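To keep things clear, I will list the structure first and then write my remarks on it.
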Amino acid sequence: MNTAPSIYESFNAKNLEPEQVAKSFVPSENFQKLARRRHSVIVGPRGSGKTTLLKMLQAEALTAWPHPEAQKYRELVDFNGVFIPTDRVWKEQIDAILDYKLPREACEDLAIGTFTTHALHKFACAIDFVLIQNSVTPTEEFIDALSKAWKTPAKSISLQSLISSLSIRKSDIPLFANKIKRMDKEKISEYLLSDEREYLYLDLIQAIHAGIDIVNNHFDLRTQNWAFLFDELELAPPTILQKLIDALRGSHENLILKLSLAPFGQERNIIKDVFSAMPGNDYETILLWNARKNSNNRKFSRSLLKSMLKERGIDLEDPDSIFRKPPLKLHAALFQEAYKNDPSFRHYLNKRNIDPESIEKLASKDKDKIVRKVSPILRIRNHARRPQNEGDKPALKSLKSLHYYYSGPDSLYDILEGNPRFLIGVMTALIDEYEENGKIKTEKQLQEINLAIERFSSLLRTIPSPIHETKRKSQGLDFTISLIGNFFKKSVILDDFKDQPFGSFVVDKSTSREIQESLGAALNAGAIVHVYGDSTDVFLGNLENQRFRLSYLLAPKYFLPLTLLKEVTLRKIFEAESQNYELSLFE
């Protein structure tokens, strides 16, 4: 359940070479943090840009980057970046090894050996690029020292031969696994402990330290610092993940670790004891989401759109100008419309002796307390709710005017939350529309958002969930998200007006492990967003007592405002929704 697919896979940076990533990369505040010479842990859901950020710290990417700020970063980055993807091919190899039901020690040796070999192969490739960039030729003594340190005899005295040997070794390990599964148990250890397979027992961190020392002792490079950029570590063997996390506390003076993780993983123990690495002291945590709307997201989104337009030959100083903007109602108009059409809001104002005709005349402290808190709710409630007479049942409108709420550049940027993959997917289609028909109508903007929601909902249906209607054999995670979203829709739109309706949830201690795992998959996919407390809460092994909201991408589906709302327990949501569905909480 730790892995989760993402829409717009065609925009995934893992499929691109560093030079291709650099071609259209737009720096953000998070990239500025990541570029510092210190340990970092990047946490974010699929599509949030973790891979792109790490790839951009490679020398190949920085060298090819054409952005106006590129030179500033080339001078700032004081390390040689070694990008190490957690390759899904060898992840499947490791899973296959575990399926053989070999002795636990043998499985662990083979899994760690696979990962270590993979990392050293990438290190050797990075060394090769850096030496070429510095016009340095590897010496025989250097190749010999590296070969001995990594237990990798090269067929000839060249760095390319060493790289080839490591590449062959990666394919050899699954062959060993196939061979030993046919052996008697007592012969397996003898086979794996033979001299020709001693590299299986290399310590990853020590092997990296040795490699750094050998390179730095032999060559005078621009920088002697090496940053290892480990991507998608939620896929790595737990032993390796823990070893890398432990290494954040103290390691080689020239080694910098930058690790990327999805928010939820079942086998994590980030802080084991008082000797564990501590966020803020030993490393910096970089979160690729925001619990609340964030001006930096809008700034980044605007810059990315401008870059995308420029690639199409459209050079606009203000990229927002491609969108038609909806009319914006003043606070007074919002209050007056709701007062006229919503009896519960009328009672709310009358109880507080507030005249909707005099909203703008309220004292500033009352404006802060009432107007700014209430207006975001009224903007969507007025659009989505039919005019209601006293005693009538509340009902939704046909929602033809809903595009006025969820359109315009700022609303689009807020809905997409600075997620690069979502932004590229949606904005690509909208730029097509702009090139064909000029300024993009508000209806078209919401139409494209709704297409993204449909794709996302289809994806969520592929993720298993233990919660389903008893009449149906099984349903995906989309059903669970719908239960939560519909509960919030009632609270915000259909229930009697409250200035603090429910719009976020807390996972109770009584929530089963199965449901937590399902919600963890939703978190990693980006369907729900963690409303974090202190920084140690962001590495989630379980979700108890943690607070979440739905992704703003799903807000139009459930007519929710683009703001963080009051929390309610998950149990109360399920209890309330069980009146509308016959729910089964376990398959």
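Following the order of the structure tokens, chains are lettered A, B, ..., residues in each are numbered from 1, and ligands are numbered from 1.
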
Run DSSP on the backbone and tell me which residues of segment 127-286 of chain A come out as alpha helix (DSSP H); list them as an MDAnalysis selection string. chainID A and resid 127:133 140:149 159:180 185:192 204:218 238:247

Output file for the selection above: C-alpha atoms, as a PDB file, in the first residue's frame:
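Okay, result_15.pdb is ready:
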```pdb
ATOM      1  CA  ILE A 127      32.368  10.196 -11.041  1.00  0.00           C
ATOM      2  CA  ASP A 128      32.867   9.589 -14.764  1.00  0.00           C
ATOM      3  CA  PHE A 129      30.841  12.692 -15.710  1.00  0.00           C
ATOM      4  CA  VAL A 130      32.564  14.911 -13.119  1.00  0.00           C
ATOM      5  CA  LEU A 131      36.047  13.813 -14.242  1.00  0.00           C
ATOM      6  CA  ILE A 132      35.201  14.489 -17.892  1.00  0.00           C
ATOM      7  CA  GLN A 133      33.738  17.878 -16.932  1.00  0.00           C
ATOM      8  CA  GLU A 140      45.448   3.113 -13.012  1.00  0.00           C
ATOM      9  CA  GLU A 141      46.074   3.591  -9.301  1.00  0.00           C
ATOM     10  CA  PHE A 142      42.653   5.267  -8.908  1.00  0.00           C
ATOM     11  CA  ILE A 143      40.764   2.481 -10.743  1.00  0.00           C
ATOM     12  CA  ASP A 144      42.599  -0.170  -8.727  1.00  0.00           C
ATOM     13  CA  ALA A 145      41.782   1.515  -5.401  1.00  0.00           C
ATOM     14  CA  LEU A 146      38.093   1.889  -6.287  1.00  0.00           C
ATOM     15  CA  SER A 147      37.857  -1.706  -7.528  1.00  0.00           C
ATOM     16  CA  LYS A 148      39.328  -3.050  -4.297  1.00  0.00           C
ATOM     17  CA  ALA A 149      37.145  -0.858  -2.079  1.00  0.00           C
ATOM     18  CA  LEU A 159      36.423   3.602 -15.266  1.00  0.00           C
ATOM     19  CA  GLN A 160      34.106   2.371 -18.016  1.00  0.00           C
ATOM     20  CA  SER A 161      35.192  -1.195 -17.297  1.00  0.00           C
ATOM     21  CA  LEU A 162      34.411  -0.710 -13.599  1.00  0.00           C
ATOM     22  CA  ILE A 163      30.979   0.712 -14.479  1.00  0.00           C
ATOM     23  CA  SER A 164      30.309  -2.286 -16.739  1.00  0.00           C
ATOM     24  CA  SER A 165      31.321  -4.704 -13.971  1.00  0.00           C
ATOM     25  CA  LEU A 166      28.861  -3.078 -11.554  1.00  0.00           C
ATOM     26  CA  SER A 167      26.128  -3.207 -14.184  1.00  0.00           C
ATOM     27  CA  ILE A 168      26.735  -6.939 -14.734  1.00  0.00           C
ATOM     28  CA  ARG A 169      26.722  -7.506 -10.983  1.00  0.00           C
ATOM     29  CA  LYS A 170      23.202  -6.010 -10.770  1.00  0.00           C
ATOM     30  CA  SER A 171      21.903  -8.682 -13.143  1.00  0.00           C
ATOM     31  CA  ASP A 172      23.877 -11.458 -11.422  1.00  0.00           C
ATOM     32  CA  ILE A 173      22.143 -11.173  -8.049  1.00  0.00           C
ATOM     33  CA  PRO A 174      18.692 -12.374  -9.261  1.00  0.00           C
ATOM     34  CA  LEU A 175      20.499 -15.337 -10.858  1.00  0.00           C
ATOM     35  CA  PHE A 176      22.001 -16.210  -7.469  1.00  0.00           C
ATOM     36  CA  ALA A 177      18.532 -16.081  -5.943  1.00  0.00           C
ATOM     37  CA  ASN A 178      17.178 -18.439  -8.595  1.00  0.00           C
ATOM     38  CA  LYS A 179      20.078 -20.813  -7.991  1.00  0.00           C
ATOM     39  CA  ILE A 180      19.964 -20.948  -4.206  1.00  0.00           C
ATOM     40  CA  LYS A 185      19.305 -24.773   3.449  1.00  0.00           C
ATOM     41  CA  GLU A 186      22.740 -25.569   4.910  1.00  0.00           C
ATOM     42  CA  LYS A 187      24.447 -24.979   1.529  1.00  0.00           C
ATOM     43  CA  ILE A 188      22.908 -21.511   0.970  1.00  0.00           C
ATOM     44  CA  SER A 189      25.147 -19.716   3.484  1.00  0.00           C
ATOM     45  CA  GLU A 190      28.237 -21.483   2.146  1.00  0.00           C
ATOM     46  CA  TYR A 191      27.357 -20.352  -1.389  1.00  0.00           C
ATOM     47  CA  LEU A 192      26.627 -16.730  -0.480  1.00  0.00           C
ATOM     48  CA  LEU A 204      26.516   0.932   1.785  1.00  0.00           C
ATOM     49  CA  ILE A 205      27.569   3.994   3.801  1.00  0.00           C
ATOM     50  CA  GLN A 206      31.125   2.743   4.307  1.00  0.00           C
ATOM     51  CA  ALA A 207      31.446   1.915   0.607  1.00  0.00           C
ATOM     52  CA  ILE A 208      30.304   5.456  -0.269  1.00  0.00           C
ATOM     53  CA  HIS A 209      32.748   6.934   2.268  1.00  0.00           C
ATOM     54  CA  ALA A 210      35.585   4.918   0.721  1.00  0.00           C
ATOM     55  CA  GLY A 211      34.645   6.048  -2.775  1.00  0.00           C
ATOM     56  CA  ILE A 212      34.557   9.727  -1.722  1.00  0.00           C
ATOM     57  CA  ASP A 213      37.996   9.440  -0.071  1.00  0.00           C
ATOM     58  CA  ILE A 214      39.530   7.763  -3.120  1.00  0.00           C
ATOM     59  CA  VAL A 215      38.158  10.358  -5.573  1.00  0.00           C
ATOM     60  CA  ASN A 216      39.099  13.322  -3.392  1.00  0.00           C
ATOM     61  CA  ASN A 217      42.621  11.983  -2.681  1.00  0.00           C
ATOM     62  CA  HIS A 218      43.357  11.442  -6.362  1.00  0.00           C
ATOM     63  CA  PRO A 238      13.365  -1.193   5.225  1.00  0.00           C
ATOM     64  CA  THR A 239      16.895  -2.042   6.434  1.00  0.00           C
ATOM     65  CA  ILE A 240      18.417   0.270   3.805  1.00  0.00           C
ATOM     66  CA  LEU A 241      15.943   3.060   4.551  1.00  0.00           C
ATOM     67  CA  GLN A 242      16.733   2.901   8.254  1.00  0.00           C
ATOM     68  CA  LYS A 243      20.487   2.830   7.584  1.00  0.00           C
ATOM     69  CA  LEU A 244      20.225   6.001   5.468  1.00  0.00           C
ATOM     70  CA  ILE A 245      18.075   7.733   8.060  1.00  0.00           C
ATOM     71  CA  ASP A 246      20.540   6.794  10.816  1.00  0.00           C
ATOM     72  CA  ALA A 247      23.400   8.152   8.669  1.00  0.00           C
TER      73      ALA A 247
END
```

Quick one: everything within 8 Å of Ser307 of chain A, counting only C-alpha atoms, minus sequence neighbours fewer than 3 positions away in the same chain. Send it as a ChimeraX atom specification. /A:24,26,303-304,310-311

For Thr223 of chain A, find every residue with an atom within 9 Å (counting only C-alpha atoms), except residues of its own chain fewer than 3 positions away, and show them as a ChimeraX atom specification. /A:78-80,216,220,226

Selection export as a short mmCIF file (atom, residue, chain, number, x, y, z; two decimals), in the first residue's frame, atoms kept: all heavy atoms:
```
data_model
loop_
_atom_site.label_atom_id
_atom_site.label_comp_id
_atom_site.auth_asym_id
_atom_site.auth_seq_id
_atom_site.Cartn_x
_atom_site.Cartn_y
_atom_site.Cartn_z
N ASP A 78 27.36 23.48 -3.95
CA ASP A 78 28.75 23.17 -3.62
C ASP A 78 28.92 21.67 -3.39
O ASP A 78 29.43 21.24 -2.36
CB ASP A 78 29.16 23.98 -2.38
CG ASP A 78 30.62 23.76 -2.03
OD1 ASP A 78 31.40 23.42 -2.93
OD2 ASP A 78 30.96 23.89 -0.84
N PHE A 79 28.42 20.88 -4.31
CA PHE A 79 28.58 19.43 -4.20
C PHE A 79 28.34 18.81 -5.57
O PHE A 79 27.73 19.42 -6.46
CB PHE A 79 27.64 18.82 -3.16
CG PHE A 79 26.19 19.24 -3.30
CD1 PHE A 79 25.38 18.72 -4.31
CD2 PHE A 79 25.64 20.16 -2.42
CE1 PHE A 79 24.05 19.10 -4.43
CE2 PHE A 79 24.31 20.56 -2.54
CZ PHE A 79 23.51 20.02 -3.54
N ASN A 80 28.83 17.59 -5.72
CA ASN A 80 28.57 16.80 -6.92
C ASN A 80 27.40 15.87 -6.63
O ASN A 80 27.45 15.07 -5.69
CB ASN A 80 29.81 15.96 -7.29
CG ASN A 80 31.05 16.82 -7.49
OD1 ASN A 80 31.06 17.71 -8.32
ND2 ASN A 80 32.10 16.55 -6.71
N ASN A 216 38.55 12.05 -3.88
CA ASN A 216 39.10 13.32 -3.39
C ASN A 216 40.62 13.28 -3.20
O ASN A 216 41.30 14.29 -3.37
CB ASN A 216 38.42 13.72 -2.07
CG ASN A 216 36.97 14.14 -2.27
OD1 ASN A 216 36.52 14.33 -3.41
ND2 ASN A 216 36.23 14.28 -1.18
N ASP A 220 41.90 16.94 -7.77
CA ASP A 220 41.60 18.27 -7.22
C ASP A 220 40.41 18.83 -7.99
O ASP A 220 40.56 19.50 -9.01
CB ASP A 220 42.82 19.19 -7.36
CG ASP A 220 42.57 20.55 -6.73
OD1 ASP A 220 41.65 20.65 -5.90
OD2 ASP A 220 43.29 21.51 -7.09
N TRP A 226 30.10 15.46 -1.94
CA TRP A 226 29.27 14.60 -2.79
C TRP A 226 27.90 14.43 -2.12
O TRP A 226 27.80 14.02 -0.97
CB TRP A 226 29.93 13.24 -2.97
CG TRP A 226 31.19 13.32 -3.79
CD1 TRP A 226 32.44 13.68 -3.35
CD2 TRP A 226 31.31 13.08 -5.19
NE1 TRP A 226 33.33 13.68 -4.39
CE2 TRP A 226 32.67 13.30 -5.54
CE3 TRP A 226 30.42 12.69 -6.19
CZ2 TRP A 226 33.15 13.15 -6.83
CZ3 TRP A 226 30.90 12.53 -7.49
CH2 TRP A 226 32.24 12.76 -7.80
#
```

Test item, strand (DSSP E) assignment across segment 44-259 of chain A, answer as number ranges by chain: A: 80-84, 226-230, 255-259

Take the residues just selected and output them with C-alpha atoms as an mmCIF file, in the first residue's frame.
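Final file, again.cif:
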```
data_model
loop_
_atom_site.group_PDB
_atom_site.id
_atom_site.type_symbol
_atom_site.label_atom_id
_atom_site.label_comp_id
_atom_site.auth_asym_id
_atom_site.auth_seq_id
_atom_site.Cartn_x
_atom_site.Cartn_y
_atom_site.Cartn_z
ATOM 1 C CA ASN A 80 28.571 16.798 -6.921
ATOM 2 C CA GLY A 81 25.126 15.217 -7.124
ATOM 3 C CA VAL A 82 24.674 11.444 -7.472
ATOM 4 C CA PHE A 83 21.040 10.641 -8.338
ATOM 5 C CA ILE A 84 19.961 7.168 -7.214
ATOM 6 C CA TRP A 226 29.268 14.601 -2.787
ATOM 7 C CA ALA A 227 25.486 14.621 -2.361
ATOM 8 C CA PHE A 228 23.701 11.293 -2.701
ATOM 9 C CA LEU A 229 20.170 11.901 -3.960
ATOM 10 C CA PHE A 230 18.097 8.846 -3.013
ATOM 11 C CA LEU A 255 28.963 13.276 2.277
ATOM 12 C CA ILE A 256 25.560 14.951 2.023
ATOM 13 C CA LEU A 257 22.396 12.841 2.007
ATOM 14 C CA LYS A 258 19.180 13.979 0.371
ATOM 15 C CA LEU A 259 16.375 11.455 0.728
#
```

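Computed from the coordinates, the atom CA of Arg381 of chain A to atom CA of Leu396 of chain A distance equals 9.4 Å.
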
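Using only C-alpha atoms, the smallest distance between any of A:Phe31, A:Phe264, A:Trp289, A:Phe25 and Leu523 of chain A comes from A:Phe264.
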